[in-house]
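Student: This is the structure I have questions about; it appears just below.
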Amino acid sequence: MAVTPLTAGDIAKKVIRKEPLFILDVRNEDAFKDWKIEGESVQHLNIPYFDLLDGVEHILAQLPTDRPVVVVCAKEGSSIMVADMLSEEGREVHYLKGGMKAWSEHLEPVKVGDLKEGGAIYQFVRIGKGCLSYMIVSEGEAAIVDATRMTDVFTSFADELGVKITNVLDTHLHADHISGGRQIAQQTGGTYWLPPKDAAEVTFAYEPLEEGHVITVGKSKIDIQPIYSPGHTIGSTSFIVDGAYLLSGDILFIDSIGRPDLAGLAEDWVGDLRVTLYERYRALTEELIVLPAHFMIIEELNADGSVSEKLGTLFAKNHGLNIADEKEFRKLVTDNLPPQPNAYQEIRQTNMGKITPDIDAQREMEIGPNRCAVR
Amino acid sequence: MIQTDMKLDAKGLACPMPVVKTKKIMQELAPGKVLEVEATDKGSIADIKAWAESVGHQYIGVHEEDGVITHYLRKTTGEEAEEKRFPHVVSNEELQEALAADEDVQIIDVRESAEYAFGHIPGAISAPFGELEAIMNSLDKEMSLYVICRTGNRSDMAAQKLADAGFRNVKNVVPGMSGWNGSSQKSMN
């Protein structure tokens, strides 16, 4: 039986379409427990490759034959070995090309909607890590928000659409992934915007994102309206795009809210977070479509793979927006903090331009789930 | 320098090869002997340890320097099952009390050099079981000796050997370093 590779994109499409899929994850148990390919239609079996060196016969009975079986490891070497062994036993199996490294880096572009005066907004779903980036396109120009370090995905996408990247924005100084914003701006000659309160220690030039200073995409009126919304970081800024979309950064997610502690200031910032969510966001129209910078669980994906919801619906359903008592809110946000993201201090330093790790080190720093939320 | 019995160069090899080669070479090694594996694949840090523990080898420790990851493993001996025969036995706690009381004691650590390097009681003499005879010649037979290893078995044999050689005041510390809560130090170089 032949062993055929599947790309991270192939698997992402299966996960989004909820097609049955069986993952034989051959990484060690700790790596599997920390982070894995997830999906409503995904079943798992974790057997480390080093327990399979003498043969795979003893696990054949655990592998289904009615759905695709994909062998997955960290970088692909071990999964090819195990897939070959299974193939020799007569099983038809796949392996994940590039392993979890490729899964972590894959971006799936999804169109979120059209803009009123022509143009569109696209979401880039980093399905393996839960990061969401955006491209707003109008009249031959594009703005990018919260770009990941896989910058060629954004520049190629813009080339395909035949648009020029003129503005690159980050809602805040990220602690869970390395921003590609500065690099894209350098490559394309676009302007790089950062909230000044998050950029106090950065080593490079940027334009300050300030409330009241509207950024325009295209010649007509596609506005990006910055809203100061501290809480996840002190500088966190949301954007209202075209009067219809609220890019909420790491402040508000679909099923959770931002965590205030990744710069070490949970106690100080929890008050800001409450004011942003319960006062500033409350004052906005409920018709806005919320587009966050992350999703935490695969259930937050819509049927088309996008992650979005009406602000009004979130006010009704998101637990983090429905805690009347301020003390209880403070307790939820400061007592329920999940483990901090892998290497978050180094990631912040990288995003400030203070350190410049090589590509392998950057990959290593980003391994694992994003953990930017409290539920 | 950490003394080992065999070395494996797995530098430049990608997963799964560091574990595949480690497994192969461990089959050639005699029980109780120590293997040193040099690798550059970061994944080996978690995987060699997890593999060793899953098959019962002792994973002594890992040391990273200049991009080279050096693992130390000791081949399983099944020593936990052996019967102890040396009659003078003290517990870890009794040794700790003797140290706290500043009694005139000398600890003889009979584990392998790599095991000693990754954590030993301050002041303990490193005397791997195989080198014990050479080292015992430099010791005073009247000294109060506390012989320690990882689980109490190698030290059981070593204590017997010391007593046979004429040492009058020898005790085997049980269980030994596997259960040690007192102070300990590393000596990597």
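Labels used: A, B, ... for chains in the order of the structure tokens, numbers from 1 for residues in each chain, and numbers from 1 for ligands as shown.
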Please return as a compact mmCIF listing (two decimals) with C-alpha atoms, in the first residue's frame: the residues of chain B that backbone DSSP assigns to alpha helix (DSSP H).
Tutor:
# COMPACT_ATOMS: atom_id res chain seq x y z
CA MET B 17 17.32 8.63 14.20
CA PRO B 18 18.72 9.75 17.60
CA VAL B 19 16.32 7.41 19.41
CA VAL B 20 16.70 4.61 16.84
CA LYS B 21 20.51 4.67 17.23
CA THR B 22 20.35 5.02 21.01
CA LYS B 23 18.10 1.98 21.24
CA LYS B 24 20.45 -0.06 19.03
CA ILE B 25 23.61 0.81 20.94
CA MET B 26 21.95 0.20 24.31
CA GLN B 27 21.47 -3.42 23.26
CA GLU B 28 25.26 -3.78 23.01
CA GLY B 43 13.25 16.98 19.93
CA SER B 44 15.71 14.49 21.42
CA ILE B 45 15.57 16.29 24.78
CA ALA B 46 12.07 15.05 25.52
CA ASP B 47 12.12 11.90 23.39
CA ILE B 48 15.26 10.11 24.64
CA LYS B 49 14.13 10.63 28.23
CA ALA B 50 10.59 9.40 27.47
CA TRP B 51 11.92 6.39 25.56
CA ALA B 52 14.41 5.46 28.34
CA GLU B 53 11.70 5.65 30.98
CA SER B 54 9.27 3.61 28.88
CA VAL B 55 11.76 0.72 28.56
CA ASN B 92 18.45 8.37 54.35
CA GLU B 93 17.03 10.19 57.36
CA GLU B 94 19.65 8.68 59.71
CA LEU B 95 22.40 9.85 57.38
CA GLN B 96 20.85 13.31 57.29
CA GLU B 97 20.80 13.38 61.10
CA ALA B 98 24.44 12.34 61.25
CA LEU B 99 25.35 15.11 58.81
CA ALA B 100 23.28 17.65 60.75
CA SER B 113 30.50 9.20 37.27
CA ALA B 114 27.61 10.69 35.26
CA GLU B 115 25.08 9.96 37.99
CA TYR B 116 27.35 11.62 40.54
CA ALA B 117 27.83 14.65 38.26
CA LEU B 132 36.18 1.08 44.36
CA GLU B 133 39.20 -1.11 45.05
CA ALA B 134 41.63 1.50 43.77
CA ILE B 135 39.97 4.25 45.79
CA MET B 136 39.62 2.33 49.05
CA ARG B 154 25.27 -1.30 44.38
CA SER B 155 26.05 0.22 47.79
CA ASP B 156 25.08 -3.11 49.41
CA MET B 157 27.75 -4.89 47.38
CA ALA B 158 30.24 -2.06 47.89
CA ALA B 159 29.68 -2.04 51.67
CA GLN B 160 30.33 -5.79 51.77
CA LYS B 161 33.50 -5.32 49.75
CA LEU B 162 34.73 -2.59 52.10
CA ALA B 163 33.99 -4.71 55.17
CA ASP B 164 35.83 -7.67 53.61
Student: Could you list, as JSON, numbers by chain, every residue of chain A that has an atom within 12 Å of an atom of chain B, counting only C-alpha atoms?
Tutor: {"A": [26, 27, 28, 29, 30, 31, 32, 47, 48, 49, 50, 51, 52, 53, 54, 73, 74, 75, 76, 77, 78, 79, 80, 81, 82, 99, 101, 360, 361, 363, 364, 367]}
Student: Write a file of the selected residues as a short mmCIF file (atom, residue, chain, number, x, y, z; two decimals), in the first residue's frame, keeping N, CA and C atoms.
Tutor:
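File part.cif, as written:
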data_model
loop_
_atom_site.label_atom_id
_atom_site.label_comp_id
_atom_site.auth_asym_id
_atom_site.auth_seq_id
_atom_site.Cartn_x
_atom_site.Cartn_y
_atom_site.Cartn_z
N VAL A 26 2.43 10.30 16.84
CA VAL A 26 3.53 9.49 17.35
C VAL A 26 4.56 10.33 18.12
N ARG A 27 4.16 11.56 18.54
CA ARG A 27 5.06 12.35 19.40
C ARG A 27 5.00 11.80 20.83
N ASN A 28 5.88 12.26 21.70
CA ASN A 28 5.84 11.77 23.07
C ASN A 28 4.58 12.28 23.77
N GLU A 29 4.22 11.63 24.88
CA GLU A 29 2.93 11.88 25.50
C GLU A 29 2.76 13.33 25.97
N ASP A 30 3.84 13.92 26.48
CA ASP A 30 3.73 15.30 26.97
C ASP A 30 3.42 16.27 25.83
N ALA A 31 4.10 16.07 24.70
CA ALA A 31 3.88 16.95 23.55
C ALA A 31 2.44 16.83 23.07
N PHE A 32 1.94 15.60 23.06
CA PHE A 32 0.56 15.36 22.62
C PHE A 32 -0.43 16.01 23.57
N ILE A 47 0.59 7.17 20.32
CA ILE A 47 1.59 6.14 20.67
C ILE A 47 2.94 6.68 20.20
N PRO A 48 3.85 6.98 21.13
CA PRO A 48 5.13 7.55 20.72
C PRO A 48 5.86 6.64 19.73
N TYR A 49 6.54 7.25 18.75
CA TYR A 49 7.22 6.46 17.71
C TYR A 49 8.24 5.51 18.31
N PHE A 50 8.81 5.89 19.48
CA PHE A 50 9.86 5.02 20.03
C PHE A 50 9.28 3.75 20.66
N ASP A 51 7.95 3.68 20.81
CA ASP A 51 7.31 2.44 21.23
C ASP A 51 6.95 1.57 20.03
N LEU A 52 7.24 2.06 18.82
CA LEU A 52 6.86 1.34 17.60
C LEU A 52 8.09 0.89 16.81
N LEU A 53 9.28 1.05 17.41
CA LEU A 53 10.50 0.74 16.65
C LEU A 53 10.60 -0.74 16.31
N ASP A 54 10.00 -1.59 17.16
CA ASP A 54 10.09 -3.03 16.92
C ASP A 54 8.92 -3.56 16.10
N CYS A 73 3.85 13.62 13.47
CA CYS A 73 4.89 13.80 14.48
C CYS A 73 5.31 15.25 14.49
N ALA A 74 6.45 15.55 15.10
CA ALA A 74 6.85 16.95 15.25
C ALA A 74 7.26 17.56 13.92
N LYS A 75 8.12 16.84 13.19
CA LYS A 75 8.65 17.45 11.95
C LYS A 75 8.40 16.61 10.70
N GLU A 76 8.02 15.40 10.82
CA GLU A 76 7.61 14.44 9.77
C GLU A 76 8.46 13.19 9.70
N GLY A 77 9.72 13.23 10.17
CA GLY A 77 10.62 12.08 10.04
C GLY A 77 10.06 10.82 10.66
N SER A 78 9.61 10.90 11.91
CA SER A 78 9.11 9.72 12.60
C SER A 78 7.78 9.26 12.01
N SER A 79 6.98 10.20 11.54
CA SER A 79 5.67 9.81 10.99
C SER A 79 5.86 9.05 9.67
N ILE A 80 6.88 9.41 8.90
CA ILE A 80 7.15 8.68 7.65
C ILE A 80 7.57 7.25 7.99
N MET A 81 8.43 7.13 9.01
CA MET A 81 8.89 5.80 9.42
C MET A 81 7.70 4.92 9.82
N VAL A 82 6.84 5.47 10.68
CA VAL A 82 5.70 4.69 11.16
C VAL A 82 4.71 4.41 10.02
N GLY A 99 4.94 17.81 9.44
CA GLY A 99 4.60 17.57 10.85
C GLY A 99 3.88 18.73 11.52
N LYS A 101 5.05 21.18 12.93
CA LYS A 101 5.68 22.45 12.57
C LYS A 101 4.88 23.10 11.43
N ASP A 360 14.51 28.80 13.00
CA ASP A 360 14.27 27.60 13.80
C ASP A 360 13.92 27.97 15.23
N ALA A 361 14.63 28.96 15.76
CA ALA A 361 14.36 29.39 17.13
C ALA A 361 12.97 30.02 17.21
N ARG A 363 10.37 29.23 15.38
CA ARG A 363 9.42 28.11 15.36
C ARG A 363 9.31 27.47 16.74
N GLU A 364 10.47 27.24 17.34
CA GLU A 364 10.53 26.60 18.64
C GLU A 364 9.76 27.43 19.68
N ILE A 367 5.89 27.03 19.47
CA ILE A 367 5.27 25.71 19.59
C ILE A 367 4.20 25.74 20.68
#
Student: Can you tell me, as a list in words, what residues are no more than 7 Å from Val3 in chain A when counting only C-alpha atoms, ignoring any on the same chain fewer than 2 positions away?
Tutor: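 In the requested format, the answer is Met1, Pro5, Ala83, Asp84, Ser87, Glu92, Val93 and His94 of chain A.
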Student: How far is it from CA of Lys141 in chain B to CA of Ile107 in chain B, in Å with one decimal?
Tutor: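 We find that CA of Lys141 in chain B and CA of Ile107 in chain B lie 13.8 Å from each other.
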Student: Near Asn137 in chain B, within 12 Å and counting only C-alpha atoms, which residues show up once chain neighbours fewer than 6 positions away are dropped, as an mmCIF file with N, CA and C atoms, in the first residue's frame?
Tutor:
data_model
loop_
_atom_site.group_PDB
_atom_site.id
_atom_site.type_symbol
_atom_site.label_atom_id
_atom_site.label_comp_id
_atom_site.auth_asym_id
_atom_site.auth_seq_id
_atom_site.Cartn_x
_atom_site.Cartn_y
_atom_site.Cartn_z
ATOM 1 N N ALA B 127 33.140 7.157 43.964
ATOM 2 C CA ALA B 127 33.878 5.902 43.815
ATOM 3 C C ALA B 127 33.008 4.908 43.062
ATOM 4 N N GLU B 131 35.630 1.102 40.311
ATOM 5 C CA GLU B 131 36.908 1.707 40.707
ATOM 6 C C GLU B 131 37.102 1.677 42.213
ATOM 7 N N LEU B 162 33.938 -3.397 51.169
ATOM 8 C CA LEU B 162 34.729 -2.586 52.101
ATOM 9 C C LEU B 162 34.941 -3.325 53.414
ATOM 10 N N ALA B 165 37.455 -5.910 53.126
ATOM 11 C CA ALA B 165 38.810 -5.365 53.015
ATOM 12 C C ALA B 165 39.326 -4.846 54.356
ATOM 13 N N GLY B 166 38.499 -4.962 55.410
ATOM 14 C CA GLY B 166 38.991 -4.597 56.730
ATOM 15 C C GLY B 166 38.458 -3.294 57.294
ATOM 16 N N PHE B 167 37.562 -2.630 56.556
ATOM 17 C CA PHE B 167 36.942 -1.413 57.102
ATOM 18 C C PHE B 167 35.961 -1.832 58.195
#
Student: Where does DSSP see strand (DSSP E or B) in range 25-147 of chain B, if you list the residues as a PyMOL selection string?
Tutor: chain B and resi 34-39+58-65+68-74+89-91+105-109+120+125-126+144-147
Student: How would the residues just chosen look if you wrote them out with C-alpha atoms as a PDB file, in the first residue's frame?
Tutor:
ATOM      1  CA  VAL B  34      26.534   4.382  31.053  1.00  0.00           C
ATOM      2  CA  LEU B  35      25.983   5.680  27.517  1.00  0.00           C
ATOM      3  CA  GLU B  36      26.607   9.242  26.435  1.00  0.00           C
ATOM      4  CA  VAL B  37      24.595  10.478  23.440  1.00  0.00           C
ATOM      5  CA  GLU B  38      25.453  13.697  21.657  1.00  0.00           C
ATOM      6  CA  ALA B  39      22.636  15.124  19.534  1.00  0.00           C
ATOM      7  CA  GLN B  58      17.805   5.064  33.934  1.00  0.00           C
ATOM      8  CA  TYR B  59      17.854   8.536  32.361  1.00  0.00           C
ATOM      9  CA  ILE B  60      20.608  10.272  34.313  1.00  0.00           C
ATOM     10  CA  GLY B  61      20.370  13.736  32.800  1.00  0.00           C
ATOM     11  CA  VAL B  62      20.972  16.076  29.903  1.00  0.00           C
ATOM     12  CA  HIS B  63      23.468  18.890  29.397  1.00  0.00           C
ATOM     13  CA  GLU B  64      23.289  21.546  26.667  1.00  0.00           C
ATOM     14  CA  GLU B  65      26.276  23.507  25.531  1.00  0.00           C
ATOM     15  CA  VAL B  68      25.087  20.193  21.421  1.00  0.00           C
ATOM     16  CA  ILE B  69      22.700  18.247  23.610  1.00  0.00           C
ATOM     17  CA  THR B  70      24.428  15.522  25.635  1.00  0.00           C
ATOM     18  CA  HIS B  71      22.276  12.819  27.190  1.00  0.00           C
ATOM     19  CA  TYR B  72      23.447  10.339  29.844  1.00  0.00           C
ATOM     20  CA  LEU B  73      21.691   7.003  30.207  1.00  0.00           C
ATOM     21  CA  ARG B  74      22.412   3.950  32.318  1.00  0.00           C
ATOM     22  CA  VAL B  89      21.891  -0.496  57.109  1.00  0.00           C
ATOM     23  CA  VAL B  90      20.875   3.101  57.805  1.00  0.00           C
ATOM     24  CA  SER B  91      18.034   5.136  56.319  1.00  0.00           C
ATOM     25  CA  VAL B 105      31.278  10.736  58.543  1.00  0.00           C
ATOM     26  CA  GLN B 106      32.559  10.074  55.056  1.00  0.00           C
ATOM     27  CA  ILE B 107      30.033   9.390  52.296  1.00  0.00           C
ATOM     28  CA  ILE B 108      31.178   7.034  49.537  1.00  0.00           C
ATOM     29  CA  ASP B 109      29.033   7.439  46.421  1.00  0.00           C
ATOM     30  CA  HIS B 120      25.424  14.207  44.831  1.00  0.00           C
ATOM     31  CA  ILE B 125      33.625  10.878  47.418  1.00  0.00           C
ATOM     32  CA  SER B 126      32.865   9.554  43.939  1.00  0.00           C
ATOM     33  CA  SER B 144      32.948   5.959  59.591  1.00  0.00           C
ATOM     34  CA  LEU B 145      31.819   5.233  56.008  1.00  0.00           C
ATOM     35  CA  TYR B 146      28.286   5.723  54.657  1.00  0.00           C
ATOM     36  CA  VAL B 147      28.036   3.976  51.296  1.00  0.00           C
TER      37      VAL B 147
END
Student: Neighbouring residues of Gly152 in chain B were defined as those with any atom within 7 Å, considering only C-alpha atoms; residues of the same chain fewer than 2 positions away were excluded. Please report them as an mmCIF file with N, CA and C atoms, in the first residue's frame.
Tutor:
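Result file is result-v3.cif:
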data_model
loop_
_atom_site.group_PDB
_atom_site.id
_atom_site.type_symbol
_atom_site.label_atom_id
_atom_site.label_comp_id
_atom_site.auth_asym_id
_atom_site.auth_seq_id
_atom_site.Cartn_x
_atom_site.Cartn_y
_atom_site.Cartn_z
ATOM 1 N N ILE B 148 26.660 4.906 49.573
ATOM 2 C CA ILE B 148 25.364 5.261 48.966
ATOM 3 C C ILE B 148 25.407 5.031 47.456
ATOM 4 N N CYS B 149 24.252 4.614 46.899
ATOM 5 C CA CYS B 149 24.101 4.577 45.440
ATOM 6 C C CYS B 149 22.710 5.111 45.134
ATOM 7 N N ARG B 150 22.066 4.621 44.066
ATOM 8 C CA ARG B 150 20.750 5.170 43.741
ATOM 9 C C ARG B 150 19.647 4.504 44.551
ATOM 10 N N ARG B 154 23.824 -1.371 44.641
ATOM 11 C CA ARG B 154 25.265 -1.300 44.379
ATOM 12 C C ARG B 154 26.003 -0.987 45.683
ATOM 13 N N SER B 155 25.394 -0.136 46.525
ATOM 14 C CA SER B 155 26.048 0.215 47.787
ATOM 15 C C SER B 155 26.082 -0.985 48.736
ATOM 16 N N ASP B 156 25.093 -1.879 48.602
ATOM 17 C CA ASP B 156 25.077 -3.105 49.410
ATOM 18 C C ASP B 156 26.322 -3.936 49.090
ATOM 19 N N VAL B 173 23.500 2.974 52.975
ATOM 20 C CA VAL B 173 22.395 3.929 53.078
ATOM 21 C C VAL B 173 21.256 3.490 52.145
ATOM 22 N N VAL B 174 20.070 3.297 52.734
ATOM 23 C CA VAL B 174 18.926 2.791 51.970
ATOM 24 C C VAL B 174 17.741 3.760 52.106
ATOM 25 N N PRO B 175 17.038 4.130 51.048
ATOM 26 C CA PRO B 175 17.230 3.652 49.684
ATOM 27 C C PRO B 175 18.383 4.325 48.946
ATOM 28 N N GLY B 176 18.868 5.456 49.412
ATOM 29 C CA GLY B 176 19.956 6.107 48.667
ATOM 30 C C GLY B 176 19.468 7.328 47.903
#
Student: Can you list, as a PDB file with N, CA and C atoms, in the first residue's frame, every protein, DNA or RNA residue that comes within 7 Å of range 248-255 of chain A when you count only C-alpha atoms, leaving out same-chain residues fewer than 5 positions away?
Tutor:
ATOM      1  N   THR A 171      -2.798  45.104  16.691  1.00  0.00           N
ATOM      2  CA  THR A 171      -3.703  45.600  17.739  1.00  0.00           C
ATOM      3  C   THR A 171      -2.981  45.797  19.067  1.00  0.00           C
ATOM      4  N   GLY A 231      -6.363  46.423  28.520  1.00  0.00           N
ATOM      5  CA  GLY A 231      -6.816  45.311  29.359  1.00  0.00           C
ATOM      6  C   GLY A 231      -5.947  44.074  29.146  1.00  0.00           C
ATOM      7  N   HIS A 232      -5.803  43.642  27.889  1.00  0.00           N
ATOM      8  CA  HIS A 232      -4.890  42.514  27.618  1.00  0.00           C
ATOM      9  C   HIS A 232      -3.458  43.047  27.710  1.00  0.00           C
ATOM     10  N   SER A 238      -8.578  48.404  19.483  1.00  0.00           N
ATOM     11  CA  SER A 238      -9.477  47.698  18.571  1.00  0.00           C
ATOM     12  C   SER A 238      -9.693  48.574  17.349  1.00  0.00           C
ATOM     13  N   PHE A 239     -10.214  47.951  16.282  1.00  0.00           N
ATOM     14  CA  PHE A 239     -10.495  48.738  15.081  1.00  0.00           C
ATOM     15  C   PHE A 239     -11.923  48.503  14.627  1.00  0.00           C
ATOM     16  N   VAL A 290     -17.869  40.975  15.383  1.00  0.00           N
ATOM     17  CA  VAL A 290     -16.607  40.893  16.124  1.00  0.00           C
ATOM     18  C   VAL A 290     -15.654  39.926  15.417  1.00  0.00           C
ATOM     19  N   LEU A 291     -14.439  40.388  15.151  1.00  0.00           N
ATOM     20  CA  LEU A 291     -13.394  39.573  14.532  1.00  0.00           C
ATOM     21  C   LEU A 291     -12.180  39.600  15.459  1.00  0.00           C
ATOM     22  N   PRO A 292     -12.004  38.582  16.268  1.00  0.00           N
ATOM     23  CA  PRO A 292     -10.920  38.587  17.265  1.00  0.00           C
ATOM     24  C   PRO A 292      -9.568  38.190  16.661  1.00  0.00           C
ATOM     25  N   ALA A 293      -8.509  38.292  17.444  1.00  0.00           N
ATOM     26  CA  ALA A 293      -7.178  37.909  16.984  1.00  0.00           C
ATOM     27  C   ALA A 293      -6.857  36.442  17.282  1.00  0.00           C
ATOM     28  N   HIS A 294      -7.794  35.770  17.971  1.00  0.00           N
ATOM     29  CA  HIS A 294      -7.572  34.357  18.305  1.00  0.00           C
ATOM     30  C   HIS A 294      -8.877  33.597  18.403  1.00  0.00           C
ATOM     31  N   PHE A 295      -8.761  32.268  18.232  1.00  0.00           N
ATOM     32  CA  PHE A 295      -9.797  31.388  18.769  1.00  0.00           C
ATOM     33  C   PHE A 295      -9.086  30.397  19.675  1.00  0.00           C
ATOM     34  N   GLU A 300     -15.269  27.283  18.150  1.00  0.00           N
ATOM     35  CA  GLU A 300     -15.493  28.694  17.837  1.00  0.00           C
ATOM     36  C   GLU A 300     -15.510  28.963  16.333  1.00  0.00           C
ATOM     37  N   GLU A 309     -18.633  36.755  15.119  1.00  0.00           N
ATOM     38  CA  GLU A 309     -19.958  36.742  15.732  1.00  0.00           C
ATOM     39  C   GLU A 309     -20.399  38.174  15.956  1.00  0.00           C
ATOM     40  N   LEU A 314     -22.577  38.235  21.423  1.00  0.00           N
ATOM     41  CA  LEU A 314     -21.562  37.996  22.452  1.00  0.00           C
ATOM     42  C   LEU A 314     -22.000  38.600  23.789  1.00  0.00           C
ATOM     43  N   ASN A 318     -21.522  35.406  25.774  1.00  0.00           N
ATOM     44  CA  ASN A 318     -20.141  35.217  26.260  1.00  0.00           C
ATOM     45  C   ASN A 318     -20.106  35.431  27.776  1.00  0.00           C
ATOM     46  N   CYS A 372      -4.202  32.824  25.207  1.00  0.00           N
ATOM     47  CA  CYS A 372      -4.336  34.257  25.439  1.00  0.00           C
ATOM     48  C   CYS A 372      -5.610  34.616  26.174  1.00  0.00           C
TER      49      CYS A 372
END
Student: In Å, rounded to a single decimal, give me how far CA of Met150 in chain A is from CA of Gly180 in chain A.
Tutor: 6.7 Å
Student: Kindly indicate which residue among A:Lys164, A:Lys36, A:Arg280, A:Lys14 lies nearest to Ile297 in chain A, using only C-alpha atoms for the distances.
Tutor: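 When distances to Ile297 in chain A are compared using only C-alpha atoms, the smallest one comes from A:Lys36.
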Student: Within 7 Å of Arg348 in chain A, counting only C-alpha atoms, which residues qualify if same-chain residues fewer than 2 places away don't, as an MDAnalysis selection string?
Tutor: chainID A and resid 173:175 344:346 350:352
Student: Let me see the file: selected residues, C-alpha atoms, as a compact mmCIF listing (two decimals), in the first residue's frame.
Tutor:
# COMPACT_ATOMS: atom_id res chain seq x y z
CA LEU A 173 2.35 43.85 21.31
CA HIS A 174 1.81 40.10 20.95
CA ALA A 175 3.13 37.64 23.54
CA TYR A 344 6.15 34.43 25.89
CA GLN A 345 8.89 36.66 27.28
CA GLU A 346 11.22 35.92 24.36
CA THR A 350 11.34 39.63 19.51
CA ASN A 351 8.27 41.73 18.73
CA MET A 352 9.98 44.73 20.33
Student: Just the number, please: distance in Å from CA of Gly189 in chain A to CA of Leu209 in chain A, one decimal.
Tutor: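 Rounded to one decimal, the two atoms are 17.8 Å apart.
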Student: Considering only C-alpha atoms, state which residue in the set B:Gly12, B:Pro87, B:Pro128, B:Gly119 is at the smallest distance from Asn181 in chain B.
Tutor: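 So, comparing all the options, the nearest one is B:Gly119.
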